[in-house]
Amino acid sequence: MEALFELIKMYGTQLSAIGAAITFAFGLYKFQVERQTALFWKEFEVYHKLVKELVEPPSENGALYVDRQAAIIYEMRNFKRYYPYTLRMLEGLYQKWSSVSNQYPRLLDELRLTIEHIKNAL
């Protein structure tokens, strides 16, 4: 026991510095993990909101706005974690919307460009 006190007496400053460094490193690690978790769920919420706004009208009898849809399709490029699903979804929408009507060529062009972008990234 006396040897422990002697050790603390001799190396007290160094042991305190090591303890502070370990505490700081653990705090930094914990902060990073919590930040990554928060970003994960934020991205999840934003992506699912975009998908909803892409395919669902704002109200029951409301119309979808082509410019908003085109912007949403373009923004889908920023969600790399969802690329496999996004690709399947956009290809299905492209088939559906191109067969129904060619009324909105800008929307179909944006779909095609985003599909190409995702395919090149995968």
# chains A, B, ... in the order shown; residues from 1 in each chain; ligands from 1
>>> residues_around(residues="A:Glu75", least_positions_apart="2", cutoff="12 Å", atoms="only C-alpha atoms", output="list in words")
Val46, Tyr47, Lys49, Leu50, Val51, Leu54, Arg68, Gln69, Ala70, Ala71, Ile72, Ile73, Arg77, Asn78, Phe79, Lys80, Tyr82, Tyr83, Thr86, Glu110, Leu111, Leu113, Thr114, His117 and Ile118 of chain A
>>> write_last_selection(atoms="C-alpha atoms", output="PDB file, in the first residue's frame")
ATOM      1  CA  VAL A  46     -35.555  14.093 -44.785  1.00  0.00           C
ATOM      2  CA  TYR A  47     -35.326  11.264 -47.327  1.00  0.00           C
ATOM      3  CA  LYS A  49     -40.290  13.279 -46.508  1.00  0.00           C
ATOM      4  CA  LEU A  50     -38.884  13.815 -50.007  1.00  0.00           C
ATOM      5  CA  VAL A  51     -40.242  10.467 -51.185  1.00  0.00           C
ATOM      6  CA  LEU A  54     -42.526  13.186 -54.752  1.00  0.00           C
ATOM      7  CA  ARG A  68     -41.100  20.594 -57.103  1.00  0.00           C
ATOM      8  CA  GLN A  69     -40.989  16.983 -58.243  1.00  0.00           C
ATOM      9  CA  ALA A  70     -38.011  17.675 -60.515  1.00  0.00           C
ATOM     10  CA  ALA A  71     -36.158  19.342 -57.624  1.00  0.00           C
ATOM     11  CA  ILE A  72     -36.920  16.391 -55.363  1.00  0.00           C
ATOM     12  CA  ILE A  73     -35.669  13.947 -57.983  1.00  0.00           C
ATOM     13  CA  ARG A  77     -28.674  12.249 -55.648  1.00  0.00           C
ATOM     14  CA  ASN A  78     -27.511  13.432 -52.202  1.00  0.00           C
ATOM     15  CA  PHE A  79     -28.693  10.324 -50.349  1.00  0.00           C
ATOM     16  CA  LYS A  80     -26.032   7.745 -51.232  1.00  0.00           C
ATOM     17  CA  TYR A  82     -30.447   4.985 -50.250  1.00  0.00           C
ATOM     18  CA  TYR A  83     -29.114   4.619 -53.821  1.00  0.00           C
ATOM     19  CA  THR A  86     -33.868   5.152 -55.039  1.00  0.00           C
ATOM     20  CA  GLU A 110     -34.648  14.768 -64.603  1.00  0.00           C
ATOM     21  CA  LEU A 111     -35.658  11.200 -63.803  1.00  0.00           C
ATOM     22  CA  LEU A 113     -30.457  12.078 -65.489  1.00  0.00           C
ATOM     23  CA  THR A 114     -30.770  11.045 -61.847  1.00  0.00           C
ATOM     24  CA  HIS A 117     -26.121   9.483 -62.010  1.00  0.00           C
ATOM     25  CA  ILE A 118     -27.015   6.775 -59.485  1.00  0.00           C
TER      26      ILE A 118
END
>>> select_by_dssp(residues="stretch 3-122 of chain A", states="alpha helix (DSSP H)", output="PyMOL selection string")
chain A and resi 3-55+66-75+83-100+105-121
>>> atom_distance(atom1="atom CA of A:Asn102", atom2="atom CA of A:Arg88")
20.5 Å
>>> atom_distance(atom1="atom CA of A:Asn120", atom2="atom CA of A:Tyr94")
17.6 Å
>>> atom_distance(atom1="atom CA of A:Pro84", atom2="atom CA of A:Arg112")
15.4 Å
>>> closest_residue(among="A:Glu6, A:Glu91, A:Asp67, A:Glu56", to="A:Lys119", atoms="only C-alpha atoms")
A:Glu91
